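A.B. asks: Contents of target.cif (mmCIF, C-alpha atoms) are given next:
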data_target
#
loop_
_atom_site.label_atom_id
_atom_site.label_comp_id
_atom_site.auth_asym_id
_atom_site.auth_seq_id
_atom_site.Cartn_x
_atom_site.Cartn_y
_atom_site.Cartn_z
CA MET F 1 16.62 3.75 98.02
CA VAL F 2 13.61 5.82 97.08
CA SER F 3 15.67 8.31 95.07
CA GLU F 4 17.51 5.54 93.24
CA GLU F 5 14.22 3.84 92.37
CA ARG F 6 12.81 7.14 91.09
CA ILE F 7 15.92 7.76 89.00
CA ARG F 8 15.71 4.26 87.54
CA GLY F 9 12.02 4.71 86.86
CA GLU F 10 12.61 8.01 85.08
CA GLU F 11 15.45 6.51 83.05
CA SER F 12 13.24 3.62 82.00
CA LYS F 13 10.50 6.08 80.96
CA VAL F 14 12.96 8.13 78.91
CA ALA F 15 14.29 4.98 77.23
CA ALA F 16 10.75 3.85 76.48
CA LEU F 17 9.89 7.24 74.99
CA GLU F 18 13.02 7.24 72.82
CA SER F 19 12.37 3.72 71.58
CA SER F 20 8.73 4.54 70.84
CA GLY F 21 9.85 7.68 69.01
CA ARG F 22 12.22 5.66 66.87
CA MET F 23 9.56 3.08 66.17
CA SER F 24 6.92 5.66 65.31
CA GLY F 25 9.34 7.85 63.36
CA ALA F 26 10.38 5.11 60.98
CA PRO F 27 6.93 4.51 59.44
CA VAL F 28 6.21 8.24 58.98
CA GLY F 29 8.23 8.46 55.77
CA ALA F 30 6.71 5.22 54.56
CA ARG F 31 3.19 6.47 55.26
CA GLN F 32 3.87 9.69 53.37
CA ARG F 33 5.22 7.72 50.44
CA ARG F 34 2.16 5.47 50.50
CA ARG F 35 -0.16 8.49 50.48
CA LYS F 36 1.64 10.00 47.48
CA GLU F 37 1.48 6.69 45.66
CA ALA F 38 -2.23 6.35 46.47
CA VAL F 39 -2.83 9.81 45.01
CA GLU F 40 -0.92 8.81 41.88
CA LEU F 41 -3.02 5.68 41.48
CA CYS F 42 -6.22 7.71 41.97
CA LEU F 43 -5.07 10.07 39.21
CA ARG F 44 -4.53 7.10 36.91
CA LEU F 45 -7.98 5.76 37.72
CA MET F 46 -9.67 9.13 37.12
CA CYS F 47 -7.76 9.64 33.87
CA MET F 48 -8.76 6.21 32.61
CA ALA F 49 -12.42 6.80 33.56
CA SER F 50 -12.44 10.24 31.95
CA SER F 51 -10.94 8.89 28.72
CA ILE F 52 -13.43 6.03 28.59
CA VAL F 53 -16.32 8.45 29.06
CA ALA F 54 -14.92 10.67 26.29
CA VAL F 55 -14.70 7.71 23.90
CA SER F 56 -18.14 6.39 24.84
CA LEU F 57 -19.85 9.74 24.32
CA MET F 58 -18.12 10.38 21.01
CA VAL F 59 -18.82 6.98 19.44
CA THR F 60 -22.50 7.31 20.36
CA ALA F 61 -22.75 10.79 18.80
CA LYS F 62 -25.05 10.41 15.81
CA GLN F 63 -28.37 11.90 14.75
CA ALA F 64 -30.54 12.20 11.65
CA THR F 65 -32.94 15.07 10.99
CA ASN F 66 -33.99 17.68 8.38
CA VAL F 67 -32.53 21.16 7.86
CA SER F 68 -33.94 24.07 5.84
CA ILE F 69 -31.64 25.89 3.39
CA TYR F 70 -33.10 28.63 1.13
CA GLY F 71 -36.55 27.39 2.09
CA PHE F 72 -35.85 23.82 0.98
CA SER F 73 -35.82 20.98 3.48
CA PHE F 74 -32.92 18.57 3.22
CA PRO F 75 -32.35 15.42 5.27
CA ILE F 76 -29.01 15.37 7.07
CA ASN F 77 -27.32 12.57 8.94
CA SER F 78 -24.51 13.43 11.32
CA LYS F 79 -22.15 10.88 12.82
CA TRP F 80 -18.85 11.17 14.65
CA SER F 81 -17.01 9.04 12.06
CA PHE F 82 -17.76 11.64 9.35
CA SER F 83 -15.10 13.92 10.87
CA GLN F 84 -11.41 13.06 10.98
CA SER F 85 -10.98 15.31 14.02
CA TYR F 86 -13.53 13.28 15.96
CA GLU F 87 -11.88 10.04 14.85
CA TYR F 88 -8.54 11.42 16.03
CA LEU F 89 -10.05 12.28 19.41
CA VAL F 90 -11.44 8.76 19.78
CA GLY F 91 -8.10 7.17 18.89
CA VAL F 92 -6.06 9.34 21.25
CA SER F 93 -8.55 8.97 24.12
CA ALA F 94 -8.59 5.19 23.68
CA ALA F 95 -4.78 5.11 23.73
CA VAL F 96 -4.74 7.24 26.90
CA ALA F 97 -7.27 4.93 28.54
CA ALA F 98 -5.06 1.93 27.71
CA HIS F 99 -1.95 3.74 28.99
CA SER F 100 -3.68 4.71 32.24
CA LEU F 101 -5.04 1.20 32.72
CA LEU F 102 -1.59 -0.32 32.23
CA GLN F 103 0.03 2.08 34.71
CA LEU F 104 -2.84 1.53 37.15
CA LEU F 105 -2.45 -2.27 37.04
CA ILE F 106 1.34 -2.11 37.43
CA GLY F 107 1.16 0.48 40.20
CA THR F 108 -1.61 -1.30 42.08
CA SER F 109 0.28 -4.62 42.04
CA ARG F 110 3.36 -2.90 43.47
CA PHE F 111 1.27 -0.95 45.97
CA VAL F 112 -0.41 -4.12 47.26
CA ARG F 113 2.98 -5.82 47.67
CA ASN F 114 4.15 -2.75 49.64
CA SER F 115 6.76 -2.01 46.98
CA SER F 116 7.53 1.36 45.45
CA VAL F 117 5.12 2.22 42.62
CA ILE F 118 8.05 3.84 40.76
CA PRO F 119 10.94 1.38 41.15
CA SER F 120 13.70 3.30 39.37
CA ARG F 121 14.64 6.58 37.70
CA ASN F 122 14.54 4.97 34.26
CA TYR F 123 10.94 3.90 34.87
CA ALA F 124 10.09 7.39 36.15
CA TRP F 125 11.54 8.96 32.99
CA LEU F 126 9.58 6.48 30.88
CA ILE F 127 6.20 7.23 32.42
CA PHE F 128 7.00 10.97 32.46
CA ALA F 129 7.66 10.90 28.71
CA GLY F 130 4.47 8.89 28.16
CA ASP F 131 2.33 11.19 30.29
CA GLN F 132 3.69 14.28 28.60
CA ALA F 133 3.28 12.90 25.08
CA PHE F 134 -0.28 11.75 25.70
CA ALA F 135 -1.17 15.06 27.37
CA TYR F 136 -0.04 16.98 24.27
CA ALA F 137 -1.91 14.53 22.03
CA LEU F 138 -5.10 15.00 24.04
CA MET F 139 -4.70 18.76 23.87
CA SER F 140 -4.35 18.70 20.08
CA ALA F 141 -7.26 16.26 19.67
CA GLY F 142 -9.54 18.31 21.88
CA SER F 143 -8.59 21.53 20.09
CA ALA F 144 -9.20 20.04 16.65
CA ALA F 145 -12.57 18.62 17.70
CA SER F 146 -13.51 21.95 19.29
CA GLY F 147 -12.87 23.74 16.00
CA VAL F 148 -15.20 21.40 14.11
CA THR F 149 -17.87 21.67 16.79
CA ASN F 150 -17.66 25.45 16.81
CA LEU F 151 -18.09 25.48 13.03
CA ASN F 152 -21.17 23.26 13.35
CA ARG F 153 -22.57 25.59 16.00
CA THR F 154 -21.91 28.95 14.33
CA GLY F 155 -22.11 27.99 10.66
CA ILE F 156 -20.04 29.70 7.95
CA ARG F 157 -20.21 33.48 7.64
CA HIS F 158 -21.58 34.94 4.37
CA THR F 159 -23.14 31.62 3.37
CA ALA F 160 -26.56 30.07 3.84
CA LEU F 161 -25.21 27.27 5.97
CA PRO F 162 -27.19 27.32 9.23
CA ASN F 163 -26.37 26.45 12.82
CA PHE F 164 -26.39 22.66 12.49
CA CYS F 165 -26.43 22.23 16.26
CA LYS F 166 -30.02 23.48 16.43
CA PRO F 167 -31.51 20.51 14.57
CA LEU F 168 -28.67 18.21 15.71
CA HIS F 169 -28.64 19.23 19.35
CA LYS F 170 -28.23 15.68 20.69
CA PHE F 171 -25.24 15.08 18.45
CA CYS F 172 -23.61 18.38 19.41
CA ASP F 173 -24.25 17.80 23.12
CA HIS F 174 -22.56 14.39 22.97
CA VAL F 175 -19.58 15.85 21.16
CA ALA F 176 -19.25 18.83 23.49
CA ILE F 177 -19.29 16.69 26.64
CA SER F 178 -16.81 14.27 25.07
CA ILE F 179 -14.44 17.16 24.35
CA ALA F 180 -14.81 18.38 27.94
CA PHE F 181 -13.79 14.96 29.28
CA THR F 182 -10.89 14.91 26.82
CA PHE F 183 -9.50 18.12 28.29
CA THR F 184 -10.12 16.70 31.78
CA SER F 185 -7.95 13.70 30.93
CA CYS F 186 -5.30 16.08 29.60
CA PHE F 187 -5.34 18.00 32.90
CA LEU F 188 -5.04 14.78 34.94
CA LEU F 189 -2.11 13.60 32.83
CA ALA F 190 -0.42 16.96 33.33
CA ILE F 191 -0.74 16.53 37.11
CA SER F 192 0.76 13.05 36.84
CA ALA F 193 3.66 14.45 34.81
CA VAL F 194 4.30 17.06 37.51
CA GLN F 195 4.34 14.33 40.14
CA ASP F 196 6.83 12.41 38.01
CA VAL F 197 9.09 15.48 37.92
CA ILE F 198 8.81 15.87 41.71
CA TRP F 199 9.77 12.21 42.18
CA LEU F 200 12.77 12.62 39.87
CA SER F 201 13.92 15.75 41.71
CA GLN F 202 13.68 13.95 45.05
CA HIS F 203 15.63 10.94 43.75
CA SER F 204 18.29 12.79 41.79
CA SER F 205 21.20 10.84 43.29
#
Reformat the file's structure so that it appears as structure tokens.
C.D. replies:
Amino acid sequence: MVSEERIRGEESKVAALESSGRMSGAPVGARQRRRKEAVELCLRLMCMASSIVAVSLMVTAKQATNVSIYGFSFPINSKWSFSQSYEYLVGVSAAVAAHSLLQLLIGTSRFVRNSSVIPSRNYAWLIFAGDQAFAYALMSAGSAASGVTNLNRTGIRHTALPNFCKPLHKFCDHVAISIAFTFTSCFLLAISAVQDVIWLSQHSS
């Protein structure tokens, strides 16, 4: 009697362990998926914030002062809208902020409903194309703005044009930080594009 009771007790323990293993094993994949989706949403949030900061700093970049050329003092007024490269950076950064906000709202609504943030391969291809296109656009905008800023900082060789960033240091600081955030947004979009590729490779069938 004692041996039979022990055997039954051990069998019940084994069955309980197996059932608990099945119950705990099922949510593991779901938890991993939720973590990956949470990381993706955080990337969207950071990209949107970085783009907004880039736009805000650029549109507030303006300063008026005097500069001396050949011993003569001339008043100069510098503003972001005087440069097409800076205007291009503002436009692209604003578009990226809108794109990130849209993806963040869609992804968050799906995440809250416990649905997949990326519902299909077609949607994954769509956001991958968008992320890649905007990343290249940010790279070109940041590079163009960097060229103009470097010219303002170094002047033109063999001419009397000075380093305009000395008298316009506030303007140049705003522009430089805005460009830095632009490249940060580009980097975040590149990470999102890599995650899109990983998702597509894992859902190839």
A.B. asks: One number please: atom CA of Phe171 of chain F to atom CA of Asn77 of chain F, in Å, one decimal.
C.D. replies: 10.1 Å
A.B. asks: Record the distance separating atom CA of Ala54 of chain F and atom CA of Met139 of chain F, expressed in Å with one decimal.
C.D. replies: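 Atom CA of Met139 of chain F lies 13.3 Å from atom CA of Ala54 of chain F.
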A.B. asks: Might you pull out every residue within 10 Å of Ser140 of chain F, with only C-alpha atoms counted and same-chain residues fewer than 2 positions away left off, and present them as a PDB file with C-alpha atoms, in the frame of the given file?
C.D. replies:
ATOM      1  CA  SER F  85     -10.980  15.310  14.020  1.00  0.00           C
ATOM      2  CA  TYR F  88      -8.540  11.420  16.030  1.00  0.00           C
ATOM      3  CA  LEU F  89     -10.050  12.280  19.410  1.00  0.00           C
ATOM      4  CA  VAL F  92      -6.060   9.340  21.250  1.00  0.00           C
ATOM      5  CA  PHE F 134      -0.280  11.750  25.700  1.00  0.00           C
ATOM      6  CA  ALA F 135      -1.170  15.060  27.370  1.00  0.00           C
ATOM      7  CA  TYR F 136      -0.040  16.980  24.270  1.00  0.00           C
ATOM      8  CA  ALA F 137      -1.910  14.530  22.030  1.00  0.00           C
ATOM      9  CA  LEU F 138      -5.100  15.000  24.040  1.00  0.00           C
ATOM     10  CA  GLY F 142      -9.540  18.310  21.880  1.00  0.00           C
ATOM     11  CA  SER F 143      -8.590  21.530  20.090  1.00  0.00           C
ATOM     12  CA  ALA F 144      -9.200  20.040  16.650  1.00  0.00           C
ATOM     13  CA  ALA F 145     -12.570  18.620  17.700  1.00  0.00           C
ATOM     14  CA  SER F 146     -13.510  21.950  19.290  1.00  0.00           C
ATOM     15  CA  PHE F 183      -9.500  18.120  28.290  1.00  0.00           C
ATOM     16  CA  CYS F 186      -5.300  16.080  29.600  1.00  0.00           C
TER      17      CYS F 186
END
A.B. asks: What is the distance, in Å and to one decimal place, between atom CA of Ala30 of chain F and atom CA of Ser120 of chain F?
C.D. replies: 16.8 Å
A.B. asks: Of the residues F:Leu200, F:Ala124, F:Ala49, F:Ala129, which is the one nearest to Thr184 of chain F, using only C-alpha atoms?
C.D. replies: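 Closest to Thr184 of chain F of all the choices is F:Ala49.
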A.B. asks: May I ask which of the residues F:Thr182, F:Arg35, F:Asn150, F:Ser116 is the closest one to Ile52 of chain F, counting all atoms listed in the file?
C.D. replies: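 Among the listed residues, F:Thr182 lies closest to Ile52 of chain F.
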A.B. asks: Restricting the calculation to all atoms listed in the file, which member of F:Val96, F:Ala38, F:Met46, F:Cys165 is positioned closest to Ala64 of chain F?
C.D. replies: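 Counting all atoms listed in the file, the residue closest to Ala64 of chain F is F:Cys165.
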A.B. asks: Determine the nearest neighbour of Arg44 of chain F from the options F:Ile198, F:Cys172, F:Ile106, F:Ile76, counting all atoms listed in the file.
C.D. replies: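 Checking each candidate against Arg44 of chain F, we get F:Ile106 as the closest.
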A.B. asks: Here's the selection I'm unsure about, the PyMOL selection byres ((chain F and resi 111-113) around 12); applied to the file above, which residues does it give, as a list in words?
C.D. replies: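 On this input, the PyMOL selection byres ((chain F and resi 111-113) around 12) captures Ala30, Arg33, Arg34, Arg35, Lys36, Glu37, Ala38, Val39, Glu40, Leu41, Gln103, Leu104, Leu105, Ile106, Gly107, Thr108, Ser109, Arg110, Asn114, Ser115, Ser116, Val117, Ile118 and Pro119 of chain F.
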A.B. asks: Compare F:Ala193, F:Ile177, F:Val55, F:Cys42 by their minimum atom-to-atom distance to Ala98 of chain F, counting all atoms listed in the file, and give me the closest one.
C.D. replies: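 Checking each candidate against Ala98 of chain F, we get F:Val55 as the closest.
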A.B. asks: Which is closest to Val148 of chain F among F:Ser56, F:Ala133, F:Gly29, F:Tyr86, if we use only C-alpha atoms?
C.D. replies: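 Checking each of F:Ser56, F:Ala133, F:Gly29, F:Tyr86 against Val148 of chain F, counting only C-alpha atoms, the winner is F:Tyr86.
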A.B. asks: List the neighbours of Asn122 of chain F out to 12 Å using all atoms listed in the file; skip same-chain residues closer than 6 positions along the sequence, and give me the result as a ChimeraX atom specification.
C.D. replies: /F:128-129,196,199-200,203-204
